[in-house]
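Structure file upload-v2.cif (mmCIF, C-alpha atoms and all ligand atoms) is printed below.
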data_protein
#
loop_
_atom_site.label_atom_id
_atom_site.label_comp_id
_atom_site.auth_asym_id
_atom_site.auth_seq_id
_atom_site.Cartn_x
_atom_site.Cartn_y
_atom_site.Cartn_z
CA MET A 10 150.19 163.27 99.79
CA ASN A 11 147.28 165.57 100.59
CA ALA A 12 143.73 164.46 101.41
CA HIS A 13 142.44 164.93 97.88
CA GLU A 14 145.31 162.84 96.46
CA ARG A 15 144.62 160.11 99.01
CA ILE A 16 140.94 160.04 98.04
CA GLU A 17 141.87 159.93 94.37
CA ARG A 18 144.25 157.01 95.06
CA HIS A 19 141.46 155.04 96.80
CA PHE A 20 139.03 155.66 93.95
CA SER A 21 141.60 154.73 91.28
CA ALA A 22 142.59 151.53 93.09
CA HIS A 23 138.92 150.65 93.52
CA ILE A 24 138.15 151.17 89.83
CA GLU A 25 141.20 149.12 88.78
CA ALA A 26 140.43 146.26 91.18
CA THR A 27 136.75 146.26 90.17
CA GLN A 28 137.59 146.06 86.46
CA GLU A 29 139.97 143.17 87.08
CA ALA A 30 137.35 141.37 89.18
CA LEU A 31 134.80 141.64 86.37
CA THR A 32 137.26 140.09 83.92
CA MET A 33 138.38 137.32 86.26
CA LEU A 34 135.24 136.53 88.24
CA GLY A 35 132.16 137.19 86.08
CA ASP A 36 131.65 133.53 85.15
CA LEU A 37 132.14 132.33 88.73
CA ILE A 38 129.59 134.84 90.03
CA GLU A 39 127.08 133.44 87.52
CA ILE A 40 127.81 129.86 88.64
CA ALA A 41 127.50 130.81 92.32
CA ALA A 42 124.16 132.55 91.71
CA ALA A 43 122.82 129.49 89.88
CA LYS A 44 123.83 127.31 92.85
CA LEU A 45 122.07 129.63 95.28
CA ALA A 46 118.92 129.69 93.15
CA HIS A 47 118.94 125.89 92.84
CA CYS A 48 119.39 125.53 96.61
CA LEU A 49 116.44 127.85 97.33
CA LEU A 50 114.21 126.17 94.72
CA SER A 51 115.00 122.82 96.38
CA ASP A 52 113.83 124.11 99.79
CA GLY A 53 117.39 124.63 101.00
CA LYS A 54 118.60 127.60 102.99
CA ILE A 55 121.66 129.81 103.07
CA LEU A 56 123.90 130.26 106.11
CA CYS A 57 126.45 133.10 106.03
CA CYS A 58 129.52 133.89 108.11
CA GLY A 59 132.65 136.04 108.28
CA ASN A 60 134.66 138.12 110.75
CA GLY A 61 134.88 141.90 111.21
CA GLY A 62 133.99 143.71 108.00
CA SER A 63 133.11 140.32 106.55
CA ALA A 64 130.60 139.72 109.37
CA ALA A 65 128.88 142.87 108.15
CA GLN A 66 128.89 141.46 104.60
CA ALA A 67 127.33 138.21 105.82
CA GLN A 68 124.55 140.16 107.54
CA HIS A 69 124.11 142.43 104.55
CA PHE A 70 123.59 139.43 102.27
CA SER A 71 121.23 137.56 104.62
CA SER A 72 119.08 140.68 105.10
CA GLU A 73 118.75 141.13 101.35
CA MET A 74 117.68 137.51 101.07
CA LEU A 75 115.31 137.53 104.07
CA ASN A 76 113.79 140.92 103.36
CA ARG A 77 114.36 141.96 99.77
CA PHE A 78 116.91 143.37 97.33
CA GLU A 79 115.61 145.73 94.64
CA ARG A 80 112.17 144.31 93.93
CA GLU A 81 109.09 143.12 95.76
CA ARG A 82 109.21 139.39 96.37
CA PRO A 83 108.72 136.91 99.23
CA GLY A 84 111.55 136.65 101.75
CA LEU A 85 114.13 133.94 101.08
CA PRO A 86 115.60 131.68 103.80
CA ALA A 87 119.02 132.90 104.91
CA VAL A 88 120.66 133.11 108.33
CA ALA A 89 123.69 135.19 109.32
CA LEU A 90 125.70 133.27 111.91
CA THR A 91 127.30 136.52 113.09
CA THR A 92 124.44 138.26 114.89
CA ASP A 93 123.33 136.39 118.04
CA THR A 94 125.67 137.67 120.73
CA SER A 95 124.42 135.17 123.33
CA THR A 96 125.21 132.27 121.01
CA LEU A 97 128.52 133.75 119.84
CA THR A 98 129.78 134.60 123.32
CA SER A 99 128.74 131.29 124.86
CA ILE A 100 130.42 129.23 122.15
CA ALA A 101 133.57 131.38 122.37
CA ASN A 102 133.48 131.26 126.16
CA ASP A 103 132.69 127.57 126.64
CA TYR A 104 134.73 126.18 123.72
CA HIS A 105 136.89 128.45 121.56
CA PHE A 106 136.30 131.40 119.27
CA ASP A 107 137.28 129.17 116.34
CA GLU A 108 134.02 127.24 116.89
CA VAL A 109 131.60 130.21 116.80
CA PHE A 110 130.34 129.49 113.28
CA ALA A 111 131.07 125.75 113.05
CA LYS A 112 128.85 124.88 116.02
CA GLN A 113 125.97 126.84 114.49
CA VAL A 114 126.53 125.19 111.11
CA ARG A 115 126.34 121.76 112.74
CA ALA A 116 123.12 122.75 114.54
CA LEU A 117 121.32 124.46 111.64
CA GLY A 118 122.81 123.00 108.46
CA HIS A 119 121.20 120.27 106.39
CA ALA A 120 122.27 118.49 103.22
CA GLY A 121 121.59 120.78 100.27
CA ASP A 122 121.96 124.01 102.24
CA ILE A 123 124.74 126.43 101.25
CA LEU A 124 127.28 128.11 103.51
CA VAL A 125 128.40 131.50 102.17
CA ILE A 126 131.79 132.37 103.64
CA TYR A 127 133.28 135.85 103.48
CA SER A 128 137.00 136.18 104.17
CA THR A 129 139.57 138.58 102.77
CA SER A 130 142.47 136.27 103.67
CA GLY A 131 141.14 132.72 103.74
CA ILE A 132 143.04 132.06 106.96
CA SER A 133 140.57 132.94 109.73
CA PRO A 134 140.24 129.79 111.88
CA SER A 135 136.53 130.38 112.56
CA VAL A 136 135.63 130.27 108.86
CA LEU A 137 137.94 127.31 108.21
CA ALA A 138 136.14 125.35 110.96
CA ALA A 139 132.79 126.44 109.50
CA ALA A 140 133.84 125.05 106.11
CA VAL A 141 134.73 121.67 107.63
CA ALA A 142 131.39 121.63 109.49
CA ALA A 143 129.49 122.45 106.29
CA HIS A 144 131.11 119.55 104.45
CA ASP A 145 130.32 117.24 107.39
CA ARG A 146 126.68 118.32 106.94
CA ASP A 147 126.77 117.62 103.18
CA MET A 148 126.38 121.30 102.47
CA SER A 149 128.22 123.08 99.70
CA ILE A 150 130.13 126.31 100.10
CA ILE A 151 130.33 129.57 98.22
CA ALA A 152 133.48 131.30 99.41
CA LEU A 153 134.00 135.00 98.76
CA ASN A 154 137.70 134.81 99.41
CA GLY A 155 140.73 137.05 98.95
CA ARG A 156 144.47 137.40 98.37
CA ASP A 157 146.03 133.97 97.62
CA GLY A 158 143.02 132.01 98.91
CA GLY A 159 144.78 131.13 102.18
CA THR A 160 144.06 127.75 103.74
CA LEU A 161 140.38 127.98 102.84
CA ALA A 162 140.95 127.51 99.10
CA PRO A 163 142.52 124.02 99.37
CA LEU A 164 139.72 122.93 101.74
CA LEU A 165 137.08 123.52 99.07
CA ARG A 166 135.62 120.75 96.91
CA ASP A 167 134.66 120.64 93.24
CA THR A 168 131.04 121.17 94.25
CA ASP A 169 131.94 124.43 96.02
CA VAL A 170 132.56 127.79 94.36
CA GLU A 171 135.45 130.04 95.30
CA ILE A 172 135.20 133.66 94.17
CA ARG A 173 138.64 135.00 95.00
CA VAL A 174 139.44 138.72 94.81
CA THR A 175 143.23 138.79 94.52
CA ALA A 176 143.64 142.53 95.25
CA PRO A 177 146.38 143.19 97.84
CA SER A 178 144.27 145.52 100.03
CA THR A 179 141.67 144.27 102.54
CA ALA A 180 139.55 147.36 101.88
CA ARG A 181 139.48 146.73 98.11
CA ILE A 182 138.60 143.06 98.64
CA GLN A 183 135.74 144.01 100.96
CA GLU A 184 134.43 146.60 98.49
CA ILE A 185 134.42 144.06 95.68
CA HIS A 186 132.87 141.39 97.91
CA LEU A 187 129.97 143.79 98.45
CA LEU A 188 129.59 144.40 94.71
CA ILE A 189 129.64 140.62 94.11
CA THR A 190 127.03 140.19 96.86
CA HIS A 191 124.71 142.60 95.07
CA CYS A 192 125.28 140.74 91.78
CA LEU A 193 124.33 137.49 93.55
CA CYS A 194 121.15 139.08 94.94
CA ASP A 195 120.17 140.40 91.52
CA LEU A 196 120.84 137.10 89.74
CA VAL A 197 118.99 135.03 92.36
CA ASP A 198 115.96 137.33 92.10
CA HIS A 199 116.09 137.14 88.31
CA GLN A 200 116.33 133.33 88.29
CA LEU A 201 113.59 132.86 90.87
CA PHE A 202 111.15 135.59 89.89
CA GLY A 203 111.98 136.56 86.28
CA GLU A 204 112.31 140.07 84.84
O1 LIG B 1 137.17 145.40 108.24
C1 LIG B 1 138.30 145.13 108.59
C2 LIG B 1 139.48 145.77 107.97
O2 LIG B 1 139.12 146.60 106.92
C3 LIG B 1 138.55 144.18 109.65
O3 LIG B 1 137.50 144.28 110.58
C4 LIG B 1 138.62 142.73 109.15
O4 LIG B 1 137.38 142.38 108.61
C5 LIG B 1 139.00 141.85 110.32
O5 LIG B 1 140.36 142.10 110.61
C6 LIG B 1 138.77 140.36 110.09
O6 LIG B 1 139.01 139.66 111.28
C7 LIG B 1 139.62 139.79 108.98
O7 LIG B 1 139.18 138.48 108.69
P1 LIG B 1 139.43 137.84 107.24
O8 LIG B 1 138.77 138.73 106.23
O9 LIG B 1 140.92 137.78 107.08
O10 LIG B 1 138.80 136.46 107.33
ZN ZN B 2 136.79 147.73 106.35
#

Show how you would write the structure in this file as structure tokens.
Amino acid sequence: MNAHERIERHFSAHIEATQEALTMLGDLIEIAAAKLAHCLLSDGKILCCGNGGSAAQAQHFSSEMLNRFERERPGLPAVALTTDTSTLTSIANDYHFDEVFAKQVRALGHAGDILVIYSTSGISPSVLAAAVAAHDRDMSIIALNGRDGGTLAPLLRDTDVEIRVTAPSTARIQEIHLLITHCLCDLVDHQLFGE
């Protein structure tokens, strides 16, 4: 397969996976956005976490909340748990890498806050521990998950929302997670600030 064919294959797979996600996940995205808006209107805040490419997604989302998305508006309270290298390295060094997000959730999370988890597999121990910590803090979870949901899916409660992209490729799941993130930003802005 030459380079052009490879590019074409990526674009086709992306379009197919995106269309399927719209069909399967549109309603859940709407529910998740309503939960985020309700949390923010009730003086709650959003914590976000994920590993690797999903750490970048967590930061991407928190920056669009804290700064802005597509319109002028006040910053909204969101914290990416993936960015403070002193905190991350000391927790990993003194305890275990699995605890890097959970310890921050226990320190920062309050009842009514939301933890947004990004994982393409649902099996990363650090996000599983973060989910348990969030529940211990009476927080709810919005999980942008992937594949078969992994061990994260059965950990979730009725009050949580799982948005699972079942595409077989990590890259496709990450691309659709980003699209969903932008939908969430747009819907939150619309619910909080109108047209
Ligand atoms: O971006 C990529 C691969 O495309 C990787 O960095 C990927 O995010 C990492 O392998 C993560 O550790 C995977 O974690 P998860 O999505 O399975 O929770
Ligand atoms: Zn990637």

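Distances from A:Thr32, A:Thr190, A:Gln200, A:Thr175 to A:Gln66 were compared using all atoms listed in the file, and the smallest one belongs to A:Thr190.
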
Item checked: Contact residues around A:Glu108 with only C-alpha atoms at 12 Å, ignoring same-chain residues under 5 positions, as JSON, numbers by chain -> {"A": [58, 90, 96, 97, 98, 99, 100, 101, 102, 103, 113, 114, 115, 133, 134, 135, 136, 137, 138, 139, 140, 141, 142]}

Export C-alpha atoms of the chosen residues as a short mmCIF file (atom, residue, chain, number, x, y, z; two decimals), keeping the file's coordinate frame?
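Dumped everything to again23.cif:
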data_model
loop_
_atom_site.label_atom_id
_atom_site.label_comp_id
_atom_site.auth_asym_id
_atom_site.auth_seq_id
_atom_site.Cartn_x
_atom_site.Cartn_y
_atom_site.Cartn_z
CA CYS A 58 129.52 133.89 108.11
CA LEU A 90 125.70 133.27 111.91
CA THR A 96 125.21 132.27 121.01
CA LEU A 97 128.52 133.75 119.84
CA THR A 98 129.78 134.60 123.32
CA SER A 99 128.74 131.29 124.86
CA ILE A 100 130.42 129.23 122.15
CA ALA A 101 133.57 131.38 122.37
CA ASN A 102 133.48 131.26 126.16
CA ASP A 103 132.69 127.57 126.64
CA GLN A 113 125.97 126.84 114.49
CA VAL A 114 126.53 125.19 111.11
CA ARG A 115 126.34 121.76 112.74
CA SER A 133 140.57 132.94 109.73
CA PRO A 134 140.24 129.79 111.88
CA SER A 135 136.53 130.38 112.56
CA VAL A 136 135.63 130.27 108.86
CA LEU A 137 137.94 127.31 108.21
CA ALA A 138 136.14 125.35 110.96
CA ALA A 139 132.79 126.44 109.50
CA ALA A 140 133.84 125.05 106.11
CA VAL A 141 134.73 121.67 107.63
CA ALA A 142 131.39 121.63 109.49
#

Next item on the list: Kindly indicate which residue among A:Leu124, A:Val197, A:Cys48, A:Leu153 lies nearest to A:Arg77, using all atoms listed in the file for the distances.
Entry: A:Val197

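With all atoms listed in the file as the atoms that count, the minimum distance from ligand ZN 2 (chain B) to the choices A:Cys194, A:Ile189, A:Val174, A:Ser128 is reached by A:Ser128.
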
Next item on the list: Could you give me the residues within 6 Å of ligand LIG 1 (chain B), counting all atoms listed in the file, as number ranges by chain?
Entry: A: 60-63, 128-131, 133, 179-180

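Using only C-alpha atoms and all ligand atoms, the nearest neighbour of ligand ZN 2 (chain B) within the list A:Gln183, A:Gln28, A:Thr91, A:Ser21 is A:Gln183.
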
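Using all atoms listed in the file, the nearest neighbour of ligand ZN 2 (chain B) within the list A:Glu17, A:Asp93, A:Asp195, A:Glu184 is A:Glu184.
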
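With distances taken over all atoms listed in the file, A:His186 is the one residue among A:His186, A:Met10, A:Ile150, A:Gly121 lying closest to ligand ZN 2 (chain B).
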
Item checked: Contacts of A:Leu49 within 9 Å, all atoms listed in the file, excl. fewer than 6 positions in-chain, as a list in words -> Ile55, Leu85, Pro86, Asp122 and Leu201 of chain A

Using only C-alpha atoms, please write the residues we just selected to a file, as a short mmCIF file (atom, residue, chain, number, x, y, z; two decimals), in the coordinates of the input.
data_model
loop_
_atom_site.label_atom_id
_atom_site.label_comp_id
_atom_site.auth_asym_id
_atom_site.auth_seq_id
_atom_site.Cartn_x
_atom_site.Cartn_y
_atom_site.Cartn_z
CA ILE A 55 121.66 129.81 103.07
CA LEU A 85 114.13 133.94 101.08
CA PRO A 86 115.60 131.68 103.80
CA ASP A 122 121.96 124.01 102.24
CA LEU A 201 113.59 132.86 90.87
#

Next item on the list: Just give me the residues with any atom within 12 Å of (132.3, 131.4, 95.3), file coordinates, counting all atoms listed in the file, written as a ChimeraX atom specification.
Entry: /A:34-45,123-128,149-155,158,161-162,165-174,186,189-190,193

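Note that the spacing between atom CA of A:Arg181 and atom CA of A:Ala22 amounts to 7.6 Å.
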
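Between atom CA of A:Thr160 and atom CA of A:Asp145 there is a distance of 17.7 Å.
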
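If you count all atoms listed in the file and ignore residues fewer than 5 places along the chain from stretch 68-71 of chain A, what sits within 6 Å of it is Ala87, Val88 and Ala89 of chain A.
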
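Picture a line from atom CA of A:Ile132 to atom CA of A:Ser178; it runs 15.2 Å.
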
May I have the centre and edge lengths, in Å to one decimal, of an axis-aligned box around the listed atoms of stretch 82-100 of chain A with 6 Å added to every side, as AutoDock Vina command-line options?
--center_x 119.6 --center_y 134.3 --center_z 110.6 --size_x 33.7 --size_y 22.2 --size_z 40.5
